[in-house]
Structures are given as structure tokens and as C-alpha cells.
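Peer 1: My structure is in my_file.cif, and what it holds is mmCIF, C-alpha atoms:
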data_my_file
#
loop_
_atom_site.group_PDB
_atom_site.id
_atom_site.type_symbol
_atom_site.label_atom_id
_atom_site.label_comp_id
_atom_site.auth_asym_id
_atom_site.auth_seq_id
_atom_site.Cartn_x
_atom_site.Cartn_y
_atom_site.Cartn_z
ATOM 1 C CA MET A 4 -21.613 -8.492 11.868
ATOM 2 C CA GLU A 5 -20.478 -7.752 15.381
ATOM 3 C CA ASN A 6 -16.814 -8.095 16.291
ATOM 4 C CA PHE A 7 -15.815 -8.563 12.650
ATOM 5 C CA ARG A 8 -12.326 -7.226 12.015
ATOM 6 C CA LYS A 9 -11.272 -6.047 8.617
ATOM 7 C CA GLY A 10 -7.717 -5.653 7.491
ATOM 8 C CA LEU A 11 -4.510 -7.533 7.079
ATOM 9 C CA PHE A 12 -3.415 -10.189 9.488
ATOM 10 C CA PHE A 13 0.228 -10.784 10.144
ATOM 11 C CA ALA A 14 2.227 -13.780 11.283
ATOM 12 C CA PRO A 15 5.964 -14.265 11.734
ATOM 13 C CA ASP A 16 8.022 -16.244 9.249
ATOM 14 C CA ASP A 17 8.468 -19.938 9.816
ATOM 15 C CA GLY A 18 11.342 -20.366 12.228
ATOM 16 C CA ALA A 19 11.064 -16.807 13.539
ATOM 17 C CA GLY A 20 10.683 -18.068 17.082
ATOM 18 C CA ASP A 21 14.242 -19.365 17.101
ATOM 19 C CA GLY A 22 15.660 -16.050 15.862
ATOM 20 C CA ASN A 23 16.486 -17.465 12.439
ATOM 21 C CA THR A 24 14.616 -15.319 9.930
ATOM 22 C CA GLY A 25 16.793 -16.065 6.965
ATOM 23 C CA GLY A 26 18.781 -12.863 7.109
ATOM 24 C CA GLU A 27 18.255 -9.389 5.764
ATOM 25 C CA GLU A 28 18.859 -10.452 2.172
ATOM 26 C CA ASN A 29 15.977 -12.921 2.306
ATOM 27 C CA GLN A 30 13.631 -10.332 3.830
ATOM 28 C CA GLU A 31 14.623 -7.709 1.279
ATOM 29 C CA GLN A 32 13.987 -10.224 -1.480
ATOM 30 C CA GLU A 33 10.544 -11.019 -0.031
ATOM 31 C CA GLN A 34 9.718 -7.319 0.179
ATOM 32 C CA GLN A 35 10.829 -6.857 -3.436
ATOM 33 C CA GLU A 36 8.691 -9.841 -4.498
ATOM 34 C CA GLU A 37 5.725 -8.315 -2.670
ATOM 35 C CA VAL A 38 6.240 -5.030 -4.524
ATOM 36 C CA ASN A 39 6.545 -6.887 -7.817
ATOM 37 C CA GLU A 40 3.352 -8.842 -7.068
ATOM 38 C CA TRP A 41 1.485 -5.609 -6.312
ATOM 39 C CA ASP A 42 2.875 -3.907 -9.397
ATOM 40 C CA ALA A 43 1.919 -6.859 -11.572
ATOM 41 C CA PHE A 44 -1.566 -6.962 -10.074
ATOM 42 C CA HIS A 45 -2.032 -3.206 -10.328
ATOM 43 C CA ASN A 46 -0.817 -3.131 -13.927
ATOM 44 C CA SER A 47 -3.222 -5.936 -14.838
ATOM 45 C CA LEU A 48 -6.194 -3.774 -13.830
ATOM 46 C CA THR A 49 -8.117 -1.607 -16.220
ATOM 47 C CA PRO A 50 -7.081 2.054 -16.332
ATOM 48 C CA GLU A 51 -10.357 2.984 -14.617
ATOM 49 C CA ALA A 52 -9.650 0.606 -11.727
ATOM 50 C CA GLN A 53 -6.076 1.898 -11.444
ATOM 51 C CA LYS A 54 -7.419 5.465 -11.252
ATOM 52 C CA LEU A 55 -9.912 4.468 -8.524
ATOM 53 C CA ILE A 56 -7.119 2.943 -6.448
ATOM 54 C CA SER A 57 -4.864 5.939 -7.052
ATOM 55 C CA ASP A 58 -7.599 8.412 -6.082
ATOM 56 C CA ARG A 59 -8.412 6.474 -2.910
ATOM 57 C CA ASP A 60 -4.728 6.219 -2.009
ATOM 58 C CA ASN A 61 -4.196 9.949 -2.551
ATOM 59 C CA GLY A 62 -7.282 10.737 -0.447
ATOM 60 C CA LEU A 63 -6.034 8.591 2.418
ATOM 61 C CA LYS A 64 -2.567 10.140 2.258
ATOM 62 C CA SER A 65 -4.117 13.614 2.260
ATOM 63 C CA ALA A 66 -6.278 12.797 5.279
ATOM 64 C CA LEU A 67 -3.276 11.386 7.100
ATOM 65 C CA GLY A 68 -1.273 14.531 6.375
ATOM 66 C CA LYS A 69 -4.090 16.751 7.643
ATOM 67 C CA GLU A 70 -4.370 14.668 10.816
ATOM 68 C CA ARG A 71 -0.625 14.959 11.397
ATOM 69 C CA GLU A 72 -0.761 18.738 10.895
ATOM 70 C CA ALA A 73 -3.686 18.999 13.339
ATOM 71 C CA ARG A 74 -1.758 17.051 16.010
ATOM 72 C CA ASP A 75 1.300 19.251 15.555
ATOM 73 C CA LYS A 76 -0.831 22.411 15.751
ATOM 74 C CA ALA A 77 -2.592 21.164 18.890
ATOM 75 C CA GLU A 78 0.728 20.518 20.616
ATOM 76 C CA LYS A 79 2.093 23.932 19.586
ATOM 77 C CA ASP A 80 -1.099 25.686 20.751
ATOM 78 C CA LEU A 81 -0.965 23.946 24.132
ATOM 79 C CA ARG A 82 2.670 24.966 24.607
ATOM 80 C CA ASP A 83 1.819 28.564 23.651
ATOM 81 C CA VAL A 84 -0.988 28.612 26.231
ATOM 82 C CA ALA A 85 1.408 27.220 28.845
ATOM 83 C CA LYS A 86 3.798 30.139 28.198
ATOM 84 C CA ASP A 87 0.997 32.603 28.972
ATOM 85 C CA LEU A 88 0.217 30.949 32.308
ATOM 86 C CA LYS A 89 2.007 31.754 35.545
ATOM 87 C CA GLU A 90 5.394 30.007 35.676
ATOM 88 C CA GLY A 91 5.254 26.859 37.825
ATOM 89 C CA SER A 92 1.508 27.041 38.405
ATOM 90 C CA GLU A 93 -0.669 23.954 38.540
ATOM 91 C CA ALA A 94 -2.533 25.105 35.410
ATOM 92 C CA GLN A 95 0.720 25.424 33.473
ATOM 93 C CA GLU A 96 1.808 21.959 34.558
ATOM 94 C CA LYS A 97 -1.519 20.475 33.404
ATOM 95 C CA VAL A 98 -1.329 22.190 30.027
ATOM 96 C CA LEU A 99 2.278 21.069 29.528
ATOM 97 C CA LYS A 100 1.274 17.530 30.487
ATOM 98 C CA LEU A 101 -1.473 17.626 27.836
ATOM 99 C CA ALA A 102 1.042 18.886 25.272
ATOM 100 C CA ASP A 103 3.401 16.041 26.164
ATOM 101 C CA GLU A 104 0.563 13.515 25.766
ATOM 102 C CA VAL A 105 -0.288 14.914 22.320
ATOM 103 C CA ALA A 106 3.396 14.705 21.334
ATOM 104 C CA ALA A 107 3.648 11.119 22.598
ATOM 105 C CA GLU A 108 0.528 10.085 20.689
ATOM 106 C CA SER A 109 1.877 11.734 17.549
ATOM 107 C CA LEU A 110 5.187 9.910 17.965
ATOM 108 C CA ARG A 111 3.390 6.582 18.366
ATOM 109 C CA ALA A 112 1.142 7.138 15.337
ATOM 110 C CA ASP A 113 4.125 8.077 13.157
ATOM 111 C CA PHE A 114 6.066 5.066 14.443
ATOM 112 C CA TYR A 115 3.188 2.683 13.664
ATOM 113 C CA GLU A 116 2.988 3.980 10.105
ATOM 114 C CA GLU A 117 6.722 3.607 9.501
ATOM 115 C CA ALA A 118 6.944 0.269 11.314
ATOM 116 C CA HIS A 119 4.191 -1.212 9.191
ATOM 117 C CA ASP A 120 6.088 -0.204 6.056
ATOM 118 C CA GLU A 121 9.267 -1.766 7.495
ATOM 119 C CA GLY A 122 7.519 -5.128 7.882
ATOM 120 C CA ILE A 123 7.138 -5.238 11.645
ATOM 121 C CA VAL A 124 4.594 -7.822 12.714
ATOM 122 C CA ASN A 125 3.778 -6.672 16.268
ATOM 123 C CA LEU A 126 3.614 -2.877 16.165
ATOM 124 C CA LYS A 127 2.750 -2.345 19.833
ATOM 125 C CA LEU A 128 5.576 -4.569 21.078
ATOM 126 C CA ALA A 129 8.040 -2.942 18.679
ATOM 127 C CA PHE A 130 7.047 0.522 19.937
ATOM 128 C CA HIS A 131 7.680 -0.518 23.546
ATOM 129 C CA VAL A 132 11.052 -2.025 22.592
ATOM 130 C CA VAL A 133 12.117 1.119 20.734
ATOM 131 C CA GLN A 134 11.140 3.233 23.742
ATOM 132 C CA LYS A 135 12.877 1.012 26.309
ATOM 133 C CA ASP A 136 16.049 0.656 24.223
ATOM 134 C CA GLU A 137 15.969 4.386 23.374
ATOM 135 C CA LEU A 138 16.127 3.809 19.623
ATOM 136 C CA PHE A 139 14.484 7.151 18.779
ATOM 137 C CA ASP A 140 16.657 10.012 17.548
ATOM 138 C CA ARG A 141 16.048 13.657 18.540
ATOM 139 C CA LYS A 142 13.559 14.112 15.714
ATOM 140 C CA GLY A 143 11.519 11.096 16.821
ATOM 141 C CA ASN A 144 12.660 8.732 14.073
ATOM 142 C CA ALA A 145 13.150 5.098 15.045
ATOM 143 C CA ASP A 146 16.345 3.225 14.184
ATOM 144 C CA PHE A 147 14.819 0.260 12.378
ATOM 145 C CA LYS A 148 18.218 -1.191 11.408
ATOM 146 C CA ALA A 149 19.230 -1.498 15.063
ATOM 147 C CA LEU A 150 15.796 -2.869 15.904
ATOM 148 C CA LYS A 151 16.071 -5.496 13.159
ATOM 149 C CA LYS A 152 19.563 -6.440 14.311
ATOM 150 C CA ASP A 153 18.626 -6.804 17.986
ATOM 151 C CA TYR A 154 15.055 -8.116 17.589
ATOM 152 C CA PRO A 155 14.669 -9.902 14.239
ATOM 153 C CA GLU A 156 11.599 -11.761 15.502
ATOM 154 C CA LEU A 157 9.613 -8.507 15.318
ATOM 155 C CA PHE A 158 9.958 -8.581 11.553
ATOM 156 C CA GLY A 159 8.044 -11.166 9.631
ATOM 157 C CA LYS A 160 6.258 -12.110 6.521
ATOM 158 C CA ARG A 161 2.691 -11.016 6.085
ATOM 159 C CA LYS A 162 0.298 -13.904 6.282
ATOM 160 C CA ILE A 163 -1.943 -13.993 3.265
ATOM 161 C CA ALA A 164 -5.290 -15.660 3.717
ATOM 162 C CA SER A 165 -5.687 -18.909 1.818
ATOM 163 C CA GLY A 166 -9.190 -18.029 0.722
ATOM 164 C CA ASP A 167 -10.697 -21.379 1.712
ATOM 165 C CA GLY A 168 -12.748 -19.868 4.530
ATOM 166 C CA GLY A 169 -11.340 -22.364 7.039
ATOM 167 C CA GLU A 170 -12.667 -25.381 5.196
ATOM 168 C CA GLY A 171 -10.735 -28.328 6.559
ATOM 169 C CA ALA A 172 -8.438 -26.214 8.695
ATOM 170 C CA GLY A 173 -8.327 -26.034 12.459
ATOM 171 C CA GLY A 174 -8.294 -22.787 14.392
ATOM 172 C CA ASP A 175 -4.555 -23.161 14.800
ATOM 173 C CA GLY A 176 -3.976 -23.299 11.045
ATOM 174 C CA LEU A 177 -3.294 -27.017 11.026
ATOM 175 C CA PRO A 178 -5.395 -29.160 8.698
ATOM 176 C CA ARG A 179 -8.056 -31.248 10.344
ATOM 177 C CA GLU A 180 -8.713 -34.802 9.447
ATOM 178 C CA LYS A 181 -11.603 -35.306 7.097
ATOM 179 C CA VAL A 182 -14.733 -36.196 9.033
ATOM 180 C CA ASP A 183 -16.108 -39.528 7.918
ATOM 181 C CA MET A 184 -19.623 -40.362 9.130
ATOM 182 C CA ASN A 185 -18.986 -44.128 8.907
ATOM 183 C CA ALA A 186 -15.880 -43.780 11.072
ATOM 184 C CA LEU A 187 -17.853 -41.792 13.662
ATOM 185 C CA ILE A 188 -20.590 -44.466 13.782
ATOM 186 C CA ARG A 189 -18.019 -47.251 14.131
ATOM 187 C CA LYS A 190 -16.258 -45.361 16.916
ATOM 188 C CA LYS A 191 -19.524 -44.882 18.852
ATOM 189 C CA ALA A 192 -20.350 -48.544 18.350
ATOM 190 C CA GLY A 193 -16.990 -49.506 19.800
ATOM 191 C CA ARG A 194 -15.537 -51.032 16.653
#
Can you give me the file's structure in the form of C-alpha cells?

Peer 2:
Amino acid sequence: MENFRKGLFFAPDDGAGDGNTGGEENQEQEQQEEVNEWDAFHNSLTPEAQKLISDRDNGLKSALGKEREARDKAEKDLRDVAKDLKEGSEAQEKVLKLADEVAAESLRADFYEEAHDEGIVNLKLAFHVVQKDELFDRKGNADFKALKKDYPELFGKRKIASGDGGEGAGGDGLPREKVDMNALIRKKAGR
């Protein structure tokens, strides 16, 4: 199973290309419907299945928290080492550069997590936009309201797979015509 990607796939809402996403009210309603669908699904499961999901979710959140703490500690340790080095030395500059890279990576990881929850479709593009438009506050939090106002096309509806395995659908999502062997034979015969 080489090159097989797991996970959710996202696509913008219909009409998102023209900047008309239906407004914030429509998106909030869709997000609420998604929550209600999840709640209904989750509540329909057996208590054992609900506990399995809850345990897995808690484990993932715990691992994410530990990873975040490790990144913060690494940055702090690098800055502490830089203080001990000779002021203005090449070694100090390299260590400070490493600390800045760790901080930037931490900022990006935190942004991706929040952006996904906000319903952003293209996380990488949104991160570049937030950086270029300076939509981060001093604490590193992105202003998603300003981002949604200025770039509504970054927000979209999650595309849910149809479950048909591509049967009868083209690679572009458009339905293909049904293949008829008799029609193919007639076409080859020139009729």
C-alpha cells in the first residue's frame, strides 16, 4: 500500500471560488450541524465504543500536550545556552537561530491545530497569509475573524467521501457516462 494517504480530505464550498461562501451564519450553522451529527453518531454507539473513542482522544490530547511542552522546553534551553555564550559570538548567533526555528515551528504547529478547528481548508496557504498580513498577536494567536473577513475562500466545508469507491465517477468528481459495450462496438465499426 505505497503512497496511500489516510485522513480527511477537504474541499471548498460550492461557489467558494467567487468569494460567495454564504456568509458567517451559514458556516456557523454547518459547523453546528457537524457537531450535532457527531454527537448523534457518538451517542448511538455502545458505551464500550464511546469509552474506546474517549480513551483514544484523551491519549492523543495528552501526547500533543507533551509534544508542545517539549518544544517549549527546547526553545527555553537553547536561549539559556545562548546567554552563557560570549555576547555576539558566532556560536551564540547559531544557538539563537536554532531557538528561533524551534519557536517558528511551534507557532506553525499550534496554528495548524487551531486553523483545522476553525474550518480552514488549506492550512499551509492560510499560515502564509496570516504571516504576510501580520495577523498574529504578541502571544502567537492568529486572528481568525480578520482572516475569515479578508479571505473567506480559505474556509470551506469538509468534503465527505461518498463511499462508492469511485464507481461511475471521474477523477474530477464528475460522473462518467455508463460504458456500454454495444455502443463501443458500434463506434469502432463506424456506425

Peer 1: Could you tell me which residues the PyMOL selection byres ((chain A and resi 114-126) around 6) grabs in this file, written as a ChimeraX atom specification?

Peer 2: /A:13,111-113,127-129,157-159

Peer 1: The PyMOL selection byres ((chain A and resi 71-86) around 7) - which residues does that actually catch in the file I just gave you? List them as number ranges by chain.

Peer 2: A: 67-70, 87-88, 95, 98-99, 102, 105-106, 109

Peer 1: I need the residue set behind the PyMOL selection byres ((chain A and resi 153) around 12) for this file; please write it as a list of chain:residue names.

Peer 2: A:Gly22, A:Ala129, A:Val132, A:Val133, A:Asp136, A:Leu138, A:Asp146, A:Phe147, A:Lys148, A:Ala149, A:Leu150, A:Lys151, A:Lys152, A:Tyr154, A:Pro155, A:Glu156, A:Leu157, A:Phe158

Peer 1: Mind pulling up the distance from CA of His45 (chain A) to CA of Asp60 (chain A)?

Peer 2: 12.9 Å

Peer 1: Record the distance separating CA of Leu63 (chain A) and CA of Asp140 (chain A), expressed in Å with one decimal.

Peer 2: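 These atoms are spaced 27.3 Å apart.
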
Peer 1: Report, in Å with one decimal, the straight-line distance from CA of Ala43 (chain A) to CA of Ala66 (chain A).

Peer 2: 27.2 Å

Peer 1: To test the calculation: enclose all listed atoms of region 86-94 of chain A in a box whose edges run along x, y and z, add 6 Å on each side, then state centre and edge lengths in Å to one decimal, as lines of an AutoDock Vina configuration file.

Peer 2:
center_x = 1.4
center_y = 28.3
center_z = 33.4
size_x = 19.9
size_y = 20.6
size_z = 22.3

Peer 1: Compare A:Ala107, A:Phe44, A:Asp183, A:Asn61 by their minimum atom-to-atom distance to Gly143 (chain A), counting all atoms listed in the file, and give me the closest one.

Peer 2: A:Ala107

Peer 1: N, CA and C atoms for region 114-148 of chain A, written as a tab-separated table (two decimals), in the coordinates of the input, could you do that?

Peer 2:
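New file result_31.tsv:
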chain	number	residue	atom	x	y	z
A	114	PHE	N	5.29	6.30	14.35
A	114	PHE	CA	6.07	5.07	14.44
A	114	PHE	C	5.29	3.90	13.84
A	115	TYR	N	4.01	3.79	14.18
A	115	TYR	CA	3.19	2.68	13.66
A	115	TYR	C	3.15	2.70	12.14
A	116	GLU	N	3.03	3.88	11.57
A	116	GLU	CA	2.99	3.98	10.10
A	116	GLU	C	4.31	3.51	9.49
A	117	GLU	N	5.41	3.99	10.02
A	117	GLU	CA	6.72	3.61	9.50
A	117	GLU	C	7.01	2.13	9.76
A	118	ALA	N	6.67	1.65	10.94
A	118	ALA	CA	6.94	0.27	11.31
A	118	ALA	C	6.19	-0.70	10.43
A	119	HIS	N	4.97	-0.36	10.09
A	119	HIS	CA	4.19	-1.21	9.19
A	119	HIS	C	4.88	-1.32	7.84
A	120	ASP	N	5.37	-0.20	7.33
A	120	ASP	CA	6.09	-0.20	6.06
A	120	ASP	C	7.40	-0.99	6.13
A	121	GLU	N	8.01	-1.04	7.31
A	121	GLU	CA	9.27	-1.77	7.50
A	121	GLU	C	9.05	-3.27	7.64
A	122	GLY	N	7.81	-3.70	7.78
A	122	GLY	CA	7.52	-5.13	7.88
A	122	GLY	C	7.46	-5.67	9.29
A	123	ILE	N	7.24	-4.79	10.26
A	123	ILE	CA	7.14	-5.24	11.64
A	123	ILE	C	5.78	-5.90	11.84
A	124	VAL	N	5.80	-7.03	12.52
A	124	VAL	CA	4.59	-7.82	12.71
A	124	VAL	C	3.80	-7.34	13.92
A	125	ASN	N	4.45	-7.09	15.04
A	125	ASN	CA	3.78	-6.67	16.27
A	125	ASN	C	4.16	-5.22	16.54
A	126	LEU	N	3.31	-4.30	16.09
A	126	LEU	CA	3.61	-2.88	16.16
A	126	LEU	C	3.70	-2.38	17.60
A	127	LYS	N	2.78	-2.81	18.44
A	127	LYS	CA	2.75	-2.35	19.83
A	127	LYS	C	4.00	-2.80	20.58
A	128	LEU	N	4.37	-4.06	20.42
A	128	LEU	CA	5.58	-4.57	21.08
A	128	LEU	C	6.82	-3.85	20.56
A	129	ALA	N	6.89	-3.64	19.27
A	129	ALA	CA	8.04	-2.94	18.68
A	129	ALA	C	8.15	-1.52	19.23
A	130	PHE	N	7.02	-0.84	19.40
A	130	PHE	CA	7.05	0.52	19.94
A	130	PHE	C	7.60	0.53	21.35
A	131	HIS	N	7.17	-0.43	22.17
A	131	HIS	CA	7.68	-0.52	23.55
A	131	HIS	C	9.18	-0.82	23.55
A	132	VAL	N	9.62	-1.69	22.67
A	132	VAL	CA	11.05	-2.02	22.59
A	132	VAL	C	11.87	-0.80	22.19
A	133	VAL	N	11.39	-0.07	21.19
A	133	VAL	CA	12.12	1.12	20.73
A	133	VAL	C	12.19	2.16	21.84
A	134	GLN	N	11.12	2.29	22.62
A	134	GLN	CA	11.14	3.23	23.74
A	134	GLN	C	12.11	2.78	24.82
A	135	LYS	N	12.03	1.52	25.21
A	135	LYS	CA	12.88	1.01	26.31
A	135	LYS	C	14.35	1.02	25.92
A	136	ASP	N	14.66	0.68	24.68
A	136	ASP	CA	16.05	0.66	24.22
A	136	ASP	C	16.52	2.01	23.70
A	137	GLU	N	15.65	3.01	23.80
A	137	GLU	CA	15.97	4.39	23.37
A	137	GLU	C	16.51	4.41	21.95
A	138	LEU	N	15.73	3.86	21.03
A	138	LEU	CA	16.13	3.81	19.62
A	138	LEU	C	15.50	4.92	18.80
A	139	PHE	N	14.99	5.97	19.47
A	139	PHE	CA	14.48	7.15	18.78
A	139	PHE	C	15.59	8.20	18.74
A	140	ASP	N	15.71	8.90	17.60
A	140	ASP	CA	16.66	10.01	17.55
A	140	ASP	C	15.95	11.28	18.06
A	141	ARG	N	16.62	12.42	18.01
A	141	ARG	CA	16.05	13.66	18.54
A	141	ARG	C	14.80	14.10	17.79
A	142	LYS	N	14.71	13.73	16.52
A	142	LYS	CA	13.56	14.11	15.71
A	142	LYS	C	12.39	13.14	15.87
A	143	GLY	N	12.59	12.06	16.61
A	143	GLY	CA	11.52	11.10	16.82
A	143	GLY	C	11.50	9.96	15.82
A	144	ASN	N	12.57	9.82	15.04
A	144	ASN	CA	12.66	8.73	14.07
A	144	ASN	C	13.27	7.50	14.73
A	145	ALA	N	12.67	6.36	14.47
A	145	ALA	CA	13.15	5.10	15.04
A	145	ALA	C	14.29	4.54	14.21
A	146	ASP	N	15.23	3.88	14.86
A	146	ASP	CA	16.34	3.22	14.18
A	146	ASP	C	15.94	1.78	13.89
A	147	PHE	N	15.33	1.58	12.72
A	147	PHE	CA	14.82	0.26	12.38
A	147	PHE	C	15.94	-0.74	12.09
A	148	LYS	N	17.10	-0.26	11.65
A	148	LYS	CA	18.22	-1.19	11.41
A	148	LYS	C	18.69	-1.80	12.73
